[in-house]
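*Asks:* Below you'll find entry39.pdb; it's PDB, N, CA and C atoms and all ligand atoms.
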ATOM      1  N   MET B   1      -3.238  11.502  48.189
ATOM      2  CA  MET B   1      -2.074  12.353  47.961
ATOM      3  C   MET B   1      -0.838  11.498  47.744
ATOM      4  N   GLY B   2       0.060  12.027  46.939
ATOM      5  CA  GLY B   2       1.299  11.317  46.703
ATOM      6  C   GLY B   2       2.476  12.237  46.949
ATOM      7  N   LYS B   3       3.639  11.711  46.661
ATOM      8  CA  LYS B   3       4.862  12.491  46.831
ATOM      9  C   LYS B   3       5.459  12.796  45.468
ATOM     10  N   VAL B   4       5.846  14.032  45.281
ATOM     11  CA  VAL B   4       6.435  14.447  44.018
ATOM     12  C   VAL B   4       7.772  15.121  44.286
ATOM     13  N   ILE B   5       8.784  14.712  43.517
ATOM     14  CA  ILE B   5      10.111  15.326  43.622
ATOM     15  C   ILE B   5      10.506  15.823  42.239
ATOM     16  N   ARG B   6      10.810  17.093  42.162
ATOM     17  CA  ARG B   6      11.317  17.623  40.897
ATOM     18  C   ARG B   6      12.842  17.608  40.952
ATOM     19  N   CYS B   7      13.424  16.905  40.006
ATOM     20  CA  CYS B   7      14.871  16.722  40.013
ATOM     21  C   CYS B   7      15.596  18.062  40.026
ATOM     22  N   ARG B   8      15.044  19.028  39.318
ATOM     23  CA  ARG B   8      15.673  20.351  39.265
ATOM     24  C   ARG B   8      15.797  20.957  40.664
ATOM     25  N   ASP B   9      14.788  20.713  41.495
ATOM     26  CA  ASP B   9      14.796  21.270  42.851
ATOM     27  C   ASP B   9      15.906  20.661  43.705
ATOM     28  N   VAL B  10      16.307  19.442  43.345
ATOM     29  CA  VAL B  10      17.376  18.787  44.111
ATOM     30  C   VAL B  10      18.732  19.380  43.736
ATOM     31  N   GLY B  11      18.791  19.982  42.540
ATOM     32  CA  GLY B  11      20.024  20.633  42.151
ATOM     33  C   GLY B  11      20.579  20.178  40.815
ATOM     34  N   PHE B  12      19.842  19.264  40.154
ATOM     35  CA  PHE B  12      20.301  18.808  38.846
ATOM     36  C   PHE B  12      19.632  19.623  37.746
ATOM     37  N   ASP B  13      20.333  19.806  36.636
ATOM     38  CA  ASP B  13      19.750  20.471  35.486
ATOM     39  C   ASP B  13      18.977  19.418  34.695
ATOM     40  N   CYS B  14      17.750  19.152  35.137
ATOM     41  CA  CYS B  14      17.021  17.983  34.674
ATOM     42  C   CYS B  14      15.531  18.242  34.794
ATOM     43  N   GLU B  15      14.786  17.800  33.781
ATOM     44  CA  GLU B  15      13.337  17.993  33.810
ATOM     45  C   GLU B  15      12.631  16.820  34.473
ATOM     46  N   GLY B  16      13.382  15.894  35.006
ATOM     47  CA  GLY B  16      12.807  14.694  35.584
ATOM     48  C   GLY B  16      11.903  14.985  36.772
ATOM     49  N   VAL B  17      10.776  14.303  36.816
ATOM     50  CA  VAL B  17       9.848  14.415  37.944
ATOM     51  C   VAL B  17       9.576  13.010  38.470
ATOM     52  N   ILE B  18       9.807  12.824  39.747
ATOM     53  CA  ILE B  18       9.575  11.528  40.367
ATOM     54  C   ILE B  18       8.266  11.578  41.147
ATOM     55  N   LYS B  19       7.405  10.626  40.867
ATOM     56  CA  LYS B  19       6.120  10.566  41.565
ATOM     57  C   LYS B  19       5.974   9.213  42.224
ATOM     58  N   ALA B  20       5.497   9.229  43.460
ATOM     59  CA  ALA B  20       5.307   7.982  44.185
ATOM     60  C   ALA B  20       4.163   8.151  45.179
ATOM     61  N   GLU B  21       3.748   7.034  45.732
ATOM     62  CA  GLU B  21       2.619   7.085  46.661
ATOM     63  C   GLU B  21       3.070   7.335  48.100
ATOM     64  N   THR B  22       4.305   6.964  48.409
ATOM     65  CA  THR B  22       4.809   7.139  49.771
ATOM     66  C   THR B  22       6.182   7.811  49.737
ATOM     67  N   GLU B  23       6.569   8.386  50.887
ATOM     68  CA  GLU B  23       7.879   9.025  50.973
ATOM     69  C   GLU B  23       8.999   8.020  50.728
ATOM     70  N   LYS B  24       8.827   6.817  51.290
ATOM     71  CA  LYS B  24       9.847   5.783  51.151
ATOM     72  C   LYS B  24      10.046   5.412  49.679
ATOM     73  N   GLU B  25       8.928   5.227  48.985
ATOM     74  CA  GLU B  25       9.007   4.877  47.568
ATOM     75  C   GLU B  25       9.615   6.028  46.769
ATOM     76  N   ALA B  26       9.225   7.255  47.104
ATOM     77  CA  ALA B  26       9.754   8.411  46.387
ATOM     78  C   ALA B  26      11.263   8.517  46.565
ATOM     79  N   LEU B  27      11.728   8.278  47.780
ATOM     80  CA  LEU B  27      13.171   8.339  48.039
ATOM     81  C   LEU B  27      13.910   7.267  47.253
ATOM     82  N   THR B  28      13.314   6.068  47.213
ATOM     83  CA  THR B  28      13.934   4.969  46.479
ATOM     84  C   THR B  28      14.028   5.296  44.996
ATOM     85  N   LEU B  29      12.930   5.821  44.450
ATOM     86  CA  LEU B  29      12.909   6.158  43.029
ATOM     87  C   LEU B  29      13.873   7.300  42.721
ATOM     88  N   ALA B  30      13.929   8.277  43.614
ATOM     89  CA  ALA B  30      14.817   9.420  43.399
ATOM     90  C   ALA B  30      16.276   8.981  43.457
ATOM     91  N   ALA B  31      16.593   8.105  44.403
ATOM     92  CA  ALA B  31      17.959   7.606  44.515
ATOM     93  C   ALA B  31      18.334   6.820  43.259
ATOM     94  N   ASP B  32      17.393   6.017  42.779
ATOM     95  CA  ASP B  32      17.626   5.238  41.567
ATOM     96  C   ASP B  32      17.835   6.156  40.372
ATOM     97  N   HIS B  33      17.026   7.200  40.281
ATOM     98  CA  HIS B  33      17.143   8.176  39.199
ATOM     99  C   HIS B  33      18.506   8.868  39.250
ATOM    100  N   ALA B  34      18.906   9.295  40.437
ATOM    101  CA  ALA B  34      20.183   9.986  40.583
ATOM    102  C   ALA B  34      21.343   9.095  40.154
ATOM    103  N   LYS B  35      21.250   7.812  40.512
ATOM    104  CA  LYS B  35      22.318   6.871  40.170
ATOM    105  C   LYS B  35      22.372   6.594  38.677
ATOM    106  N   THR B  36      21.207   6.283  38.101
ATOM    107  CA  THR B  36      21.189   5.832  36.712
ATOM    108  C   THR B  36      21.283   6.979  35.722
ATOM    109  N   VAL B  37      20.641   8.116  36.046
ATOM    110  CA  VAL B  37      20.599   9.224  35.096
ATOM    111  C   VAL B  37      21.748  10.196  35.318
ATOM    112  N   HIS B  38      22.106  10.422  36.587
ATOM    113  CA  HIS B  38      23.091  11.458  36.879
ATOM    114  C   HIS B  38      24.432  10.912  37.347
ATOM    115  N   GLY B  39      24.544   9.600  37.403
ATOM    116  CA  GLY B  39      25.829   9.011  37.739
ATOM    117  C   GLY B  39      26.259   9.219  39.174
ATOM    118  N   VAL B  40      25.293   9.473  40.058
ATOM    119  CA  VAL B  40      25.617   9.610  41.476
ATOM    120  C   VAL B  40      25.952   8.224  42.023
ATOM    121  N   LYS B  41      27.165   8.084  42.542
ATOM    122  CA  LYS B  41      27.615   6.754  42.967
ATOM    123  C   LYS B  41      27.059   6.364  44.324
ATOM    124  N   GLU B  42      26.935   7.341  45.195
ATOM    125  CA  GLU B  42      26.469   7.036  46.540
ATOM    126  C   GLU B  42      25.444   8.062  46.988
ATOM    127  N   ILE B  43      24.310   7.575  47.478
ATOM    128  CA  ILE B  43      23.283   8.471  48.003
ATOM    129  C   ILE B  43      23.608   8.737  49.471
ATOM    130  N   THR B  44      24.179   9.888  49.718
ATOM    131  CA  THR B  44      24.601  10.240  51.072
ATOM    132  C   THR B  44      23.413  10.760  51.887
ATOM    133  N   PRO B  45      23.561  10.786  53.206
ATOM    134  CA  PRO B  45      22.502  11.365  54.047
ATOM    135  C   PRO B  45      22.186  12.807  53.649
ATOM    136  N   GLU B  46      23.192  13.531  53.190
ATOM    137  CA  GLU B  46      22.965  14.909  52.755
ATOM    138  C   GLU B  46      22.036  14.956  51.542
ATOM    139  N   ILE B  47      22.254  14.033  50.608
ATOM    140  CA  ILE B  47      21.389  13.977  49.425
ATOM    141  C   ILE B  47      19.965  13.594  49.832
ATOM    142  N   VAL B  48      19.857  12.629  50.739
ATOM    143  CA  VAL B  48      18.535  12.219  51.220
ATOM    144  C   VAL B  48      17.816  13.404  51.851
ATOM    145  N   GLN B  49      18.542  14.176  52.663
ATOM    146  CA  GLN B  49      17.942  15.354  53.296
ATOM    147  C   GLN B  49      17.484  16.364  52.254
ATOM    148  N   LYS B  50      18.326  16.547  51.231
ATOM    149  CA  LYS B  50      17.982  17.500  50.172
ATOM    150  C   LYS B  50      16.721  17.044  49.447
ATOM    151  N   ILE B  51      16.667  15.768  49.133
ATOM    152  CA  ILE B  51      15.489  15.224  48.443
ATOM    153  C   ILE B  51      14.237  15.416  49.307
ATOM    154  N   LYS B  52      14.369  15.115  50.602
ATOM    155  CA  LYS B  52      13.215  15.264  51.500
ATOM    156  C   LYS B  52      12.754  16.716  51.574
ATOM    157  N   SER B  53      13.720  17.637  51.516
ATOM    158  CA  SER B  53      13.381  19.045  51.674
ATOM    159  C   SER B  53      12.628  19.593  50.470
ATOM    160  N   VAL B  54      12.806  18.962  49.297
ATOM    161  CA  VAL B  54      12.123  19.458  48.099
ATOM    162  C   VAL B  54      10.909  18.594  47.754
ATOM    163  N   MET B  55      10.691  17.539  48.514
ATOM    164  CA  MET B  55       9.561  16.652  48.264
ATOM    165  C   MET B  55       8.245  17.370  48.595
ATOM    166  N   ARG B  56       7.271  17.212  47.707
ATOM    167  CA  ARG B  56       5.988  17.886  47.931
ATOM    168  C   ARG B  56       4.846  16.873  47.921
ATOM    169  N   ASP B  57       3.809  17.232  48.651
ATOM    170  CA  ASP B  57       2.584  16.437  48.623
ATOM    171  C   ASP B  57       1.718  16.931  47.470
ATOM    172  N   GLU B  58       1.399  16.018  46.577
ATOM    173  CA  GLU B  58       0.544  16.396  45.453
ATOM    174  C   GLU B  58      -0.346  15.228  45.094
ATOM    175  N   PRO B  59      -1.488  15.532  44.509
ATOM    176  CA  PRO B  59      -2.329  14.447  44.017
ATOM    177  C   PRO B  59      -1.587  13.712  42.912
ATOM    178  N   VAL B  60      -1.474  12.413  43.037
ATOM    179  CA  VAL B  60      -0.755  11.627  42.041
ATOM    180  C   VAL B  60      -1.662  10.487  41.576
ATOM    181  N   ALA B  61      -1.838  10.425  40.287
ATOM    182  CA  ALA B  61      -2.622   9.328  39.713
ATOM    183  C   ALA B  61      -1.680   8.216  39.316
ATOM    184  N   THR B  62      -1.650   7.185  40.121
ATOM    185  CA  THR B  62      -0.710   6.094  39.848
ATOM    186  C   THR B  62      -1.431   4.843  39.365
ATOM    187  N   HIS B  63      -2.747   4.931  39.240
ATOM    188  CA  HIS B  63      -3.480   3.736  38.834
ATOM    189  C   HIS B  63      -4.112   3.916  37.460
TER     190      HIS B  63
HETATM  191 ZN    ZN D 101      17.215  14.031  36.984
END
Could you render the structure as structure tokens?

*Replies:*
Amino acid sequence: MGKVIRCRDVGFDCEGVIKAETEKEALTLAADHAKTVHGVKEITPEIVQKIKSVMRDEPVATH
């Protein structure tokens, strides 16, 4: 199982989907996506909480 975050669920008007093998990696990728794609300057604890709340366990083929 992996972790999947749909950017739209976090609150952005975006079709981006972040997939990772661990929660830590998913958070890192999501924070990077928010910064580079959406211009979020600082990933606040509130944003981290929001990301965690929409994170789902799904089968992810990463290999
Ligand atoms: Zn996005």

*Asks:* Taking only N, CA and C atoms and all ligand atoms into account, which residues have an atom no farther than 6.5 Å from ligand ZN 101 (chain D)? I'd like them as a count of residues only.

*Replies:* 12

*Asks:* So the first atom is atom CA of Glu25 of chain B and the second is atom CA of Val40 of chain B; what is the distance between them in Å, to one decimal place?

*Replies:*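 One can read the atom CA of Glu25 of chain B to atom CA of Val40 of chain B distance as 18.3 Å.
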
*Asks:* Nearest to Lys52 of chain B: which of B:Ala26, B:Asp32, B:Gly11, B:Gly39 is it, counting only C-alpha atoms?

*Replies:*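 Result for the nearest residue to Lys52 of chain B: B:Ala26.
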
*Asks:* In Å to one decimal, how far is atom CA of Met55 of chain B from atom N of Val4 of chain B?

*Replies:*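 The value is 5.4 Å.
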
*Asks:* Which residues come within 8 Å of Leu29 of chain B, counting all atoms listed in the file, excluding same-chain residues fewer than 6 positions away, as a PyMOL selection string?

*Replies:* chain B and resi 18-20+23+35

*Asks:* What does the structure give for the distance between atom CA of Ser53 of chain B and atom CA of Thr22 of chain B, in Å to one decimal?

*Replies:*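 Here the two named atoms are 14.8 Å from each other.
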
*Asks:* As lines of an AutoDock Vina configuration file, please report the centre and edge lengths, rounded to one decimal in Å, of the axis-aligned box that holds all listed atoms of segment 34-49 of chain B with 5 Å of padding on each of the six sides.

*Replies:*
center_x = 22.5
center_y = 11.1
center_z = 44.6
size_x = 20.1
size_y = 20.5
size_z = 29.0

*Asks:* Can you list, as a ChimeraX atom specification, all residues belonging to chain B that DSSP tags as strand (DSSP E)?

*Replies:* /B:2-6,17-20,56-58

*Asks:* Can you list, as a ChimeraX atom specification, all residues belonging to chain B that DSSP tags as alpha helix (DSSP H)?

*Replies:* /B:7-10,23-38,45-54

*Asks:* Which is closest to Glu58 of chain B among B:Ile43, B:Glu21, B:Leu27, B:Val10, if we use only C-alpha atoms?

*Replies:*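 Closest to Glu58 of chain B of all the choices is B:Glu21.
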
*Asks:* Determine, counting only C-alpha atoms, every residue of protein, DNA or RNA that lies within 12 Å of (-5.5, 15.3, 46.1) in the file coordinates, then give the result as a ChimeraX atom specification.

*Replies:* /B:1-3,21,56-61
